[in-house]
Structure formats: structure tokens, C-alpha cells
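Enquirer: Sending over upload_38.cif (mmCIF, N, CA and C atoms).
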data_upload
loop_
_atom_site.label_atom_id
_atom_site.label_comp_id
_atom_site.auth_asym_id
_atom_site.auth_seq_id
_atom_site.Cartn_x
_atom_site.Cartn_y
_atom_site.Cartn_z
N MET A 1 5.81 71.16 -20.19
CA MET A 1 6.83 71.33 -19.17
C MET A 1 6.86 72.76 -18.66
N ALA A 2 5.77 73.36 -18.48
CA ALA A 2 5.65 74.69 -17.86
C ALA A 2 6.75 75.64 -18.32
N ASP A 3 7.27 76.44 -17.38
CA ASP A 3 8.26 77.45 -17.72
C ASP A 3 9.68 77.06 -17.35
N SER A 4 9.87 75.93 -16.73
CA SER A 4 11.20 75.53 -16.28
C SER A 4 12.05 75.04 -17.45
N PRO A 5 13.34 75.42 -17.49
CA PRO A 5 14.23 74.89 -18.52
C PRO A 5 14.72 73.48 -18.19
N VAL A 6 14.36 72.97 -17.02
CA VAL A 6 14.82 71.66 -16.56
C VAL A 6 13.77 70.60 -16.89
N THR A 7 14.23 69.50 -17.45
CA THR A 7 13.36 68.35 -17.69
C THR A 7 13.70 67.28 -16.68
N ARG A 8 12.75 66.86 -15.89
CA ARG A 8 12.92 65.78 -14.92
C ARG A 8 12.58 64.47 -15.61
N HIS A 9 13.48 63.50 -15.52
CA HIS A 9 13.33 62.20 -16.16
C HIS A 9 11.95 61.60 -15.90
N ASP A 10 11.49 61.68 -14.67
CA ASP A 10 10.20 61.08 -14.31
C ASP A 10 9.00 61.86 -14.81
N ASP A 11 9.22 63.08 -15.31
CA ASP A 11 8.11 63.91 -15.77
C ASP A 11 7.76 63.69 -17.24
N VAL A 12 8.59 62.96 -17.98
CA VAL A 12 8.28 62.71 -19.39
C VAL A 12 7.98 61.23 -19.60
N ALA A 13 7.01 60.98 -20.45
CA ALA A 13 6.60 59.61 -20.73
C ALA A 13 7.62 58.88 -21.58
N THR A 14 7.61 57.58 -21.50
CA THR A 14 8.42 56.74 -22.37
C THR A 14 7.53 56.22 -23.48
N ASP A 15 7.95 56.42 -24.73
CA ASP A 15 7.25 55.83 -25.86
C ASP A 15 7.72 54.39 -25.98
N ALA A 16 6.82 53.44 -25.72
CA ALA A 16 7.17 52.02 -25.75
C ALA A 16 6.80 51.41 -27.10
N PHE A 17 7.69 50.56 -27.59
CA PHE A 17 7.49 49.86 -28.86
C PHE A 17 7.84 48.40 -28.66
N PRO A 18 7.42 47.50 -29.55
CA PRO A 18 7.81 46.09 -29.42
C PRO A 18 9.33 45.89 -29.43
N TRP A 19 10.07 46.79 -30.05
CA TRP A 19 11.53 46.68 -30.18
C TRP A 19 12.29 47.34 -29.04
N GLY A 20 11.65 48.25 -28.26
CA GLY A 20 12.34 48.98 -27.19
C GLY A 20 11.56 50.20 -26.77
N GLY A 21 12.26 51.33 -26.55
CA GLY A 21 11.56 52.53 -26.13
C GLY A 21 12.39 53.78 -26.30
N ILE A 22 11.71 54.93 -26.24
CA ILE A 22 12.34 56.24 -26.36
C ILE A 22 11.74 57.16 -25.31
N LYS A 23 12.60 57.92 -24.68
CA LYS A 23 12.16 58.97 -23.75
C LYS A 23 12.70 60.29 -24.28
N TRP A 24 11.79 61.15 -24.75
CA TRP A 24 12.18 62.45 -25.30
C TRP A 24 12.30 63.44 -24.16
N VAL A 25 13.52 63.92 -23.89
CA VAL A 25 13.77 64.83 -22.77
C VAL A 25 13.86 66.29 -23.22
N CYS A 26 13.98 66.52 -24.52
CA CYS A 26 13.94 67.88 -25.05
C CYS A 26 13.42 67.84 -26.48
N SER A 27 12.48 68.71 -26.77
CA SER A 27 11.94 68.93 -28.11
C SER A 27 10.99 70.10 -28.00
N ASP A 28 10.41 70.50 -29.12
CA ASP A 28 9.45 71.59 -29.04
C ASP A 28 8.16 71.16 -28.36
N LYS A 29 7.99 69.86 -28.16
CA LYS A 29 6.82 69.37 -27.42
C LYS A 29 7.07 69.39 -25.91
N VAL A 30 8.34 69.34 -25.52
CA VAL A 30 8.71 69.38 -24.10
C VAL A 30 8.95 70.83 -23.67
N HIS A 31 9.67 71.58 -24.49
CA HIS A 31 9.95 73.00 -24.26
C HIS A 31 9.58 73.74 -25.54
N ALA A 32 8.57 74.56 -25.49
CA ALA A 32 8.01 75.19 -26.69
C ALA A 32 9.04 75.87 -27.58
N ASP A 33 10.08 76.44 -27.01
CA ASP A 33 11.07 77.18 -27.80
C ASP A 33 12.31 76.36 -28.15
N ALA A 34 12.29 75.06 -27.89
CA ALA A 34 13.46 74.22 -28.14
C ALA A 34 13.83 74.22 -29.62
N GLU A 35 15.12 74.34 -29.90
CA GLU A 35 15.62 74.30 -31.27
C GLU A 35 16.33 73.00 -31.58
N GLN A 36 16.33 72.07 -30.61
CA GLN A 36 16.94 70.75 -30.78
C GLN A 36 16.01 69.70 -30.16
N THR A 37 16.27 68.46 -30.50
CA THR A 37 15.56 67.33 -29.89
C THR A 37 16.61 66.41 -29.30
N LEU A 38 16.34 65.92 -28.08
CA LEU A 38 17.25 65.01 -27.39
C LEU A 38 16.43 63.89 -26.77
N GLY A 39 16.92 62.66 -26.94
CA GLY A 39 16.19 61.52 -26.40
C GLY A 39 17.11 60.41 -25.94
N LEU A 40 16.57 59.57 -25.08
CA LEU A 40 17.23 58.35 -24.62
C LEU A 40 16.49 57.19 -25.24
N VAL A 41 17.24 56.28 -25.86
CA VAL A 41 16.65 55.17 -26.60
C VAL A 41 17.25 53.86 -26.12
N PHE A 42 16.42 52.81 -26.06
CA PHE A 42 16.97 51.47 -25.89
C PHE A 42 16.31 50.55 -26.90
N ILE A 43 17.11 49.58 -27.38
CA ILE A 43 16.63 48.56 -28.31
C ILE A 43 16.97 47.22 -27.68
N ASN A 44 15.96 46.36 -27.58
CA ASN A 44 16.14 45.05 -26.95
C ASN A 44 16.99 44.12 -27.81
N PRO A 45 17.64 43.12 -27.20
CA PRO A 45 18.46 42.17 -27.94
C PRO A 45 17.69 41.53 -29.10
N GLY A 46 18.33 41.49 -30.26
CA GLY A 46 17.72 40.87 -31.43
C GLY A 46 16.68 41.71 -32.13
N GLU A 47 16.42 42.91 -31.63
CA GLU A 47 15.39 43.78 -32.21
C GLU A 47 16.03 44.94 -32.97
N GLN A 48 15.20 45.69 -33.68
CA GLN A 48 15.67 46.85 -34.42
C GLN A 48 14.56 47.89 -34.49
N ASN A 49 14.95 49.16 -34.58
CA ASN A 49 13.94 50.18 -34.82
C ASN A 49 13.64 50.21 -36.31
N PRO A 50 12.51 50.79 -36.72
CA PRO A 50 12.15 50.79 -38.14
C PRO A 50 13.16 51.56 -39.00
N VAL A 51 13.28 51.16 -40.24
CA VAL A 51 14.11 51.86 -41.21
C VAL A 51 13.41 53.19 -41.50
N HIS A 52 14.20 54.30 -41.45
CA HIS A 52 13.60 55.62 -41.56
C HIS A 52 14.64 56.66 -41.98
N TYR A 53 14.17 57.88 -42.17
CA TYR A 53 15.08 59.02 -42.38
C TYR A 53 14.41 60.27 -41.81
N HIS A 54 15.21 61.31 -41.66
CA HIS A 54 14.74 62.58 -41.12
C HIS A 54 14.92 63.65 -42.20
N PRO A 55 13.81 64.18 -42.75
CA PRO A 55 13.91 65.14 -43.85
C PRO A 55 14.33 66.55 -43.43
N ASN A 56 14.26 66.84 -42.12
CA ASN A 56 14.50 68.22 -41.69
C ASN A 56 15.65 68.39 -40.71
N CYS A 57 16.38 67.31 -40.41
CA CYS A 57 17.43 67.48 -39.40
C CYS A 57 18.49 66.38 -39.48
N GLU A 58 19.64 66.74 -38.94
CA GLU A 58 20.74 65.81 -38.75
C GLU A 58 20.52 65.06 -37.43
N GLU A 59 21.00 63.82 -37.34
CA GLU A 59 20.92 63.04 -36.11
C GLU A 59 22.32 62.64 -35.65
N LEU A 60 22.57 62.82 -34.37
CA LEU A 60 23.77 62.28 -33.73
C LEU A 60 23.31 61.19 -32.79
N LEU A 61 23.96 60.04 -32.85
CA LEU A 61 23.60 58.91 -32.00
C LEU A 61 24.86 58.46 -31.27
N TYR A 62 24.78 58.46 -29.95
CA TYR A 62 25.90 58.07 -29.08
C TYR A 62 25.51 56.81 -28.33
N VAL A 63 26.32 55.76 -28.42
CA VAL A 63 26.02 54.50 -27.74
C VAL A 63 26.53 54.59 -26.30
N ILE A 64 25.60 54.46 -25.36
CA ILE A 64 25.93 54.49 -23.94
C ILE A 64 26.39 53.11 -23.48
N SER A 65 25.65 52.07 -23.88
CA SER A 65 26.02 50.70 -23.52
C SER A 65 25.43 49.74 -24.53
N GLY A 66 26.03 48.54 -24.62
CA GLY A 66 25.57 47.54 -25.57
C GLY A 66 26.23 47.71 -26.93
N THR A 67 25.74 46.96 -27.90
CA THR A 67 26.27 47.01 -29.26
C THR A 67 25.13 46.99 -30.27
N CYS A 68 25.40 47.55 -31.44
CA CYS A 68 24.40 47.50 -32.51
C CYS A 68 25.10 47.60 -33.86
N GLU A 69 24.39 47.18 -34.86
CA GLU A 69 24.78 47.41 -36.25
C GLU A 69 23.91 48.57 -36.70
N HIS A 70 24.53 49.61 -37.19
CA HIS A 70 23.75 50.77 -37.63
C HIS A 70 23.79 50.84 -39.15
N ARG A 71 22.62 50.59 -39.75
CA ARG A 71 22.52 50.72 -41.20
C ARG A 71 22.47 52.20 -41.55
N TYR A 72 23.29 52.57 -42.53
CA TYR A 72 23.49 53.96 -42.92
C TYR A 72 23.54 53.97 -44.43
N GLY A 73 22.41 54.27 -45.06
CA GLY A 73 22.34 54.15 -46.51
C GLY A 73 22.57 52.71 -46.91
N ASP A 74 23.55 52.47 -47.79
CA ASP A 74 23.87 51.11 -48.24
C ASP A 74 24.98 50.46 -47.41
N GLU A 75 25.43 51.14 -46.35
CA GLU A 75 26.51 50.62 -45.53
C GLU A 75 26.00 50.24 -44.14
N SER A 76 26.87 49.57 -43.38
CA SER A 76 26.54 49.20 -42.01
C SER A 76 27.78 49.41 -41.15
N TYR A 77 27.56 49.91 -39.94
CA TYR A 77 28.66 50.18 -39.01
C TYR A 77 28.38 49.49 -37.69
N HIS A 78 29.38 48.78 -37.17
CA HIS A 78 29.29 48.15 -35.85
C HIS A 78 29.61 49.21 -34.81
N LEU A 79 28.67 49.46 -33.89
CA LEU A 79 28.85 50.48 -32.86
C LEU A 79 28.85 49.83 -31.48
N THR A 80 29.74 50.30 -30.62
CA THR A 80 29.80 49.84 -29.23
C THR A 80 29.82 51.06 -28.32
N ALA A 81 29.77 50.81 -27.02
CA ALA A 81 29.74 51.90 -26.04
C ALA A 81 30.86 52.90 -26.32
N GLY A 82 30.50 54.17 -26.35
CA GLY A 82 31.46 55.24 -26.61
C GLY A 82 31.50 55.70 -28.05
N ASP A 83 30.89 54.94 -28.97
CA ASP A 83 30.88 55.32 -30.39
C ASP A 83 29.75 56.30 -30.69
N THR A 84 29.99 57.17 -31.66
CA THR A 84 29.00 58.13 -32.13
C THR A 84 28.90 58.02 -33.64
N ILE A 85 27.68 58.10 -34.16
CA ILE A 85 27.48 58.16 -35.61
C ILE A 85 26.69 59.43 -35.92
N CYS A 86 27.10 60.12 -36.97
CA CYS A 86 26.43 61.33 -37.43
C CYS A 86 25.66 60.98 -38.71
N VAL A 87 24.34 61.16 -38.67
CA VAL A 87 23.49 60.82 -39.81
C VAL A 87 22.91 62.11 -40.39
N PRO A 88 23.36 62.50 -41.59
CA PRO A 88 22.83 63.72 -42.21
C PRO A 88 21.34 63.59 -42.55
N ARG A 89 20.68 64.72 -42.67
CA ARG A 89 19.27 64.70 -43.06
C ARG A 89 19.11 63.94 -44.37
N GLY A 90 18.04 63.15 -44.45
CA GLY A 90 17.72 62.42 -45.66
C GLY A 90 18.37 61.07 -45.82
N VAL A 91 19.32 60.69 -44.96
CA VAL A 91 19.99 59.39 -45.08
C VAL A 91 19.13 58.32 -44.39
N ILE A 92 18.81 57.28 -45.14
CA ILE A 92 18.02 56.16 -44.60
C ILE A 92 18.90 55.36 -43.64
N HIS A 93 18.33 55.04 -42.46
CA HIS A 93 19.13 54.35 -41.44
C HIS A 93 18.23 53.65 -40.42
N ASN A 94 18.85 52.80 -39.62
CA ASN A 94 18.23 52.22 -38.43
C ASN A 94 19.28 51.45 -37.66
N ALA A 95 18.95 51.12 -36.42
CA ALA A 95 19.88 50.39 -35.54
C ALA A 95 19.32 49.00 -35.25
N ILE A 96 20.21 48.01 -35.28
CA ILE A 96 19.85 46.62 -35.03
C ILE A 96 20.69 46.14 -33.85
N ASN A 97 20.04 45.76 -32.77
CA ASN A 97 20.78 45.29 -31.59
C ASN A 97 21.42 43.95 -31.92
N SER A 98 22.73 43.91 -31.92
CA SER A 98 23.47 42.69 -32.25
C SER A 98 24.07 42.03 -31.01
N GLY A 99 23.70 42.52 -29.84
CA GLY A 99 24.26 42.00 -28.60
C GLY A 99 23.27 41.20 -27.78
N TRP A 100 23.68 40.85 -26.57
CA TRP A 100 22.86 40.02 -25.68
C TRP A 100 22.09 40.86 -24.66
N GLU A 101 22.38 42.17 -24.60
CA GLU A 101 21.71 43.05 -23.65
C GLU A 101 21.12 44.23 -24.42
N PRO A 102 20.20 44.99 -23.81
CA PRO A 102 19.69 46.16 -24.53
C PRO A 102 20.83 47.10 -24.90
N VAL A 103 20.74 47.67 -26.09
CA VAL A 103 21.67 48.73 -26.47
C VAL A 103 20.99 50.03 -26.06
N ARG A 104 21.74 50.89 -25.34
CA ARG A 104 21.20 52.16 -24.85
C ARG A 104 21.96 53.29 -25.55
N MET A 105 21.19 54.26 -26.05
CA MET A 105 21.77 55.32 -26.85
C MET A 105 21.18 56.68 -26.48
N LEU A 106 21.98 57.70 -26.67
CA LEU A 106 21.53 59.08 -26.58
C LEU A 106 21.43 59.58 -28.01
N VAL A 107 20.27 60.14 -28.38
CA VAL A 107 20.09 60.64 -29.74
C VAL A 107 19.79 62.13 -29.69
N SER A 108 20.40 62.85 -30.60
CA SER A 108 20.24 64.30 -30.67
C SER A 108 19.92 64.68 -32.11
N PHE A 109 19.00 65.61 -32.26
CA PHE A 109 18.58 66.07 -33.58
C PHE A 109 18.72 67.59 -33.65
N SER A 110 19.05 68.10 -34.83
CA SER A 110 19.34 69.52 -35.00
C SER A 110 18.10 70.39 -35.17
N ASP A 111 16.94 69.87 -34.82
CA ASP A 111 15.70 70.64 -34.91
C ASP A 111 14.79 70.26 -33.75
N GLY A 112 14.11 71.22 -33.18
CA GLY A 112 13.19 70.95 -32.08
C GLY A 112 11.96 70.19 -32.52
N ASP A 113 11.68 70.21 -33.83
CA ASP A 113 10.55 69.48 -34.41
C ASP A 113 11.11 68.38 -35.32
N ARG A 114 11.73 67.39 -34.71
CA ARG A 114 12.31 66.27 -35.46
C ARG A 114 11.21 65.58 -36.26
N GLN A 115 11.40 65.46 -37.56
CA GLN A 115 10.44 64.76 -38.41
C GLN A 115 11.06 63.44 -38.86
N THR A 116 10.22 62.42 -38.91
CA THR A 116 10.67 61.08 -39.28
C THR A 116 9.77 60.52 -40.36
N VAL A 117 10.38 59.92 -41.38
CA VAL A 117 9.66 59.26 -42.45
C VAL A 117 10.07 57.80 -42.43
N MET A 118 9.09 56.90 -42.24
CA MET A 118 9.35 55.47 -42.23
C MET A 118 9.49 54.97 -43.67
N VAL A 119 10.38 53.99 -43.86
CA VAL A 119 10.66 53.45 -45.19
C VAL A 119 10.21 51.99 -45.21
N ASP A 120 9.38 51.65 -46.20
CA ASP A 120 8.98 50.24 -46.38
C ASP A 120 10.09 49.49 -47.07
N GLU A 121 10.37 48.30 -46.57
CA GLU A 121 11.42 47.50 -47.21
C GLU A 121 10.81 46.34 -47.95
#
Could you express the structure from this file as C-alpha cells?
Expert:
Amino acid sequence: MADSPVTRHDDVATDAFPWGGIKWVCSDKVHADAEQTLGLVFINPGEQNPVHYHPNCEELLYVISGTCEHRYGDESYHLTAGDTICVPRGVIHNAINSGWEPVRMLVSFSDGDRQTVMVDE
């Protein structure tokens, strides 16, 4: 992203997965000096992202639209539009779309180099 501090939505690729997609609008890969990571995520109805944790950063997840069940360690929380969940580093979690439409979320991480470890179930 050159020298501009502005990220244009159309200038960043969408990472597509069978369950949905992520568009990373800020990270150290988008802006070399970024100290945070920010992304837009959607999960299709009936789908879920993989169970995982982040060893180096906290995650904030804000639901823009739709609903999901968010697994958080051994617990689960029902989230709807306007809800936010704070996931500390190292906590195993994932989101499961429990609605009829895509759930859309804004995710923020406390490190520009967000690391993710997938967990086999």
C-alpha cells in the first residue's frame, strides 16, 4: 500500500474460504508500520470459521449484521448486530453463523502481525 495511510476497500484482496471471507484493511502487510490489524469478515449461513487462537494478540469482534454463536473457551455466547466480544490472547474460539443471512463482523487485533494457530477438534 505504498506510502498512503489510507486503505481503499477495492485495493485489498478478499481472502475467500468455503465458510465466507476476510478483507484485511490494516496490518503490517498492508501498512509496514501498522501496530494493529483490522479486517472485515463474513460467515455464510450454517457455516463457521475454524477453531483457533491468537498467541500474540487480543481480538475484538464487533457484529455489524446477522447473528452467530461465538465459542469462547468452554463457553458460547449468542451475538447479534451491535454486540462486541473481547477475546484475550490464547483463548480458543470461533464463530458459527446461526442465522439465515451472512453474519458480518469487524475484527480488530492488538498487533500488526496477527498470528493464528488452528486447533484440531
Enquirer: How would you write, as an MDAnalysis selection string, the set of residues in range 52-112 of chain A that DSSP gives as strand (DSSP E or B)?
Expert: chainID A and resid 52:53 59:65 67:72 75:80 84:87 93:97 103:109
Enquirer: With distances taken over all atoms listed in the file, which residue among A:Gly112, A:Gly82, A:Gly20, A:Gly66 lies nearest Gln48 in chain A?
Expert: A:Gly20
Enquirer: Would you write out, as an MDAnalysis selection string, every residue that the PyMOL selection byres ((chain A and resi 25) around 8) captures in this file?
Expert: chainID A and resid 6:9 12:13 22:24 26:27 29:31 37:40
Enquirer: If the PyMOL selection byres ((chain A and resi 58) around 5) were run on this exact file, what residues would it hold? Put them as a list of chain:residue names.
Expert: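 With the shown file as input, the PyMOL selection byres ((chain A and resi 58) around 5) matches A:Asn56, A:Cys57, A:Glu59, A:Leu60, A:Val87, A:Pro88, A:Arg89, A:Phe109, A:Ser110.
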Enquirer: May I have the residues from that selection written out with N, CA and C atoms, as a PDB file, keeping the file's coordinate frame?
Expert:
ATOM      1  N   ASN A  56      14.260  66.840 -42.120  1.00  0.00           N
ATOM      2  CA  ASN A  56      14.500  68.220 -41.690  1.00  0.00           C
ATOM      3  C   ASN A  56      15.650  68.390 -40.710  1.00  0.00           C
ATOM      4  N   CYS A  57      16.380  67.310 -40.410  1.00  0.00           N
ATOM      5  CA  CYS A  57      17.430  67.480 -39.400  1.00  0.00           C
ATOM      6  C   CYS A  57      18.490  66.380 -39.480  1.00  0.00           C
ATOM      7  N   GLU A  59      21.000  63.820 -37.340  1.00  0.00           N
ATOM      8  CA  GLU A  59      20.920  63.040 -36.110  1.00  0.00           C
ATOM      9  C   GLU A  59      22.320  62.640 -35.650  1.00  0.00           C
ATOM     10  N   LEU A  60      22.570  62.820 -34.370  1.00  0.00           N
ATOM     11  CA  LEU A  60      23.770  62.280 -33.730  1.00  0.00           C
ATOM     12  C   LEU A  60      23.310  61.190 -32.790  1.00  0.00           C
ATOM     13  N   VAL A  87      24.340  61.160 -38.670  1.00  0.00           N
ATOM     14  CA  VAL A  87      23.490  60.820 -39.810  1.00  0.00           C
ATOM     15  C   VAL A  87      22.910  62.110 -40.390  1.00  0.00           C
ATOM     16  N   PRO A  88      23.360  62.500 -41.590  1.00  0.00           N
ATOM     17  CA  PRO A  88      22.830  63.720 -42.210  1.00  0.00           C
ATOM     18  C   PRO A  88      21.340  63.590 -42.550  1.00  0.00           C
ATOM     19  N   ARG A  89      20.680  64.720 -42.670  1.00  0.00           N
ATOM     20  CA  ARG A  89      19.270  64.700 -43.060  1.00  0.00           C
ATOM     21  C   ARG A  89      19.110  63.940 -44.370  1.00  0.00           C
ATOM     22  N   PHE A 109      19.000  65.610 -32.260  1.00  0.00           N
ATOM     23  CA  PHE A 109      18.580  66.070 -33.580  1.00  0.00           C
ATOM     24  C   PHE A 109      18.720  67.590 -33.650  1.00  0.00           C
ATOM     25  N   SER A 110      19.050  68.100 -34.830  1.00  0.00           N
ATOM     26  CA  SER A 110      19.340  69.520 -35.000  1.00  0.00           C
ATOM     27  C   SER A 110      18.100  70.390 -35.170  1.00  0.00           C
TER      28      SER A 110
END
Enquirer: Apply the PyMOL selection byres ((chain A and resi 119) around 5) to the structure shown and report the selected residues as a list of chain:residue names.
Expert: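 Applied to this file, the PyMOL selection byres ((chain A and resi 119) around 5) selects A:Val51, A:His52, A:Val117, A:Met118, A:Asp120, A:Glu121.
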Enquirer: For the atom pair atom N of Pro102 in chain A and CA of His78 in chain A, what is the interatomic distance in Å to one decimal place?
Expert: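 That distance, rounded to one decimal, is 15.4 Å.
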Enquirer: Which of these, A:Arg104, A:Ile64, A:Asn44, A:Glu75, has the shortest distance to Pro18 in chain A once you count all atoms listed in the file?
Expert: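 For Pro18 in chain A, the nearest of the given residues is A:Asn44.
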Enquirer: Interatomic distance between CA of Thr80 in chain A and CA of Gly99 in chain A?
Expert: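 Computing it gives 9.6 Å between the two atoms.
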Enquirer: Report the distance between atom N of Phe42 in chain A and CA of Pro5 in chain A in Å, rounded to one decimal place.
Expert: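 It comes out at 23.4 Å.
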Enquirer: Using only C-alpha atoms, which residue out of A:Gly46, A:Phe17, A:Asn97, A:Ile92 lies closest to Val63 in chain A?
Expert: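 Nearest candidate to Val63 in chain A out of A:Gly46, A:Phe17, A:Asn97, A:Ile92: A:Asn97.
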Enquirer: List the residues sitting within 7 Å of (25.1, 58.3, -26.9) in the file's frame, using only C-alpha atoms, as a PyMOL selection string.
Expert: chain A and resi 61-64+84+105-107
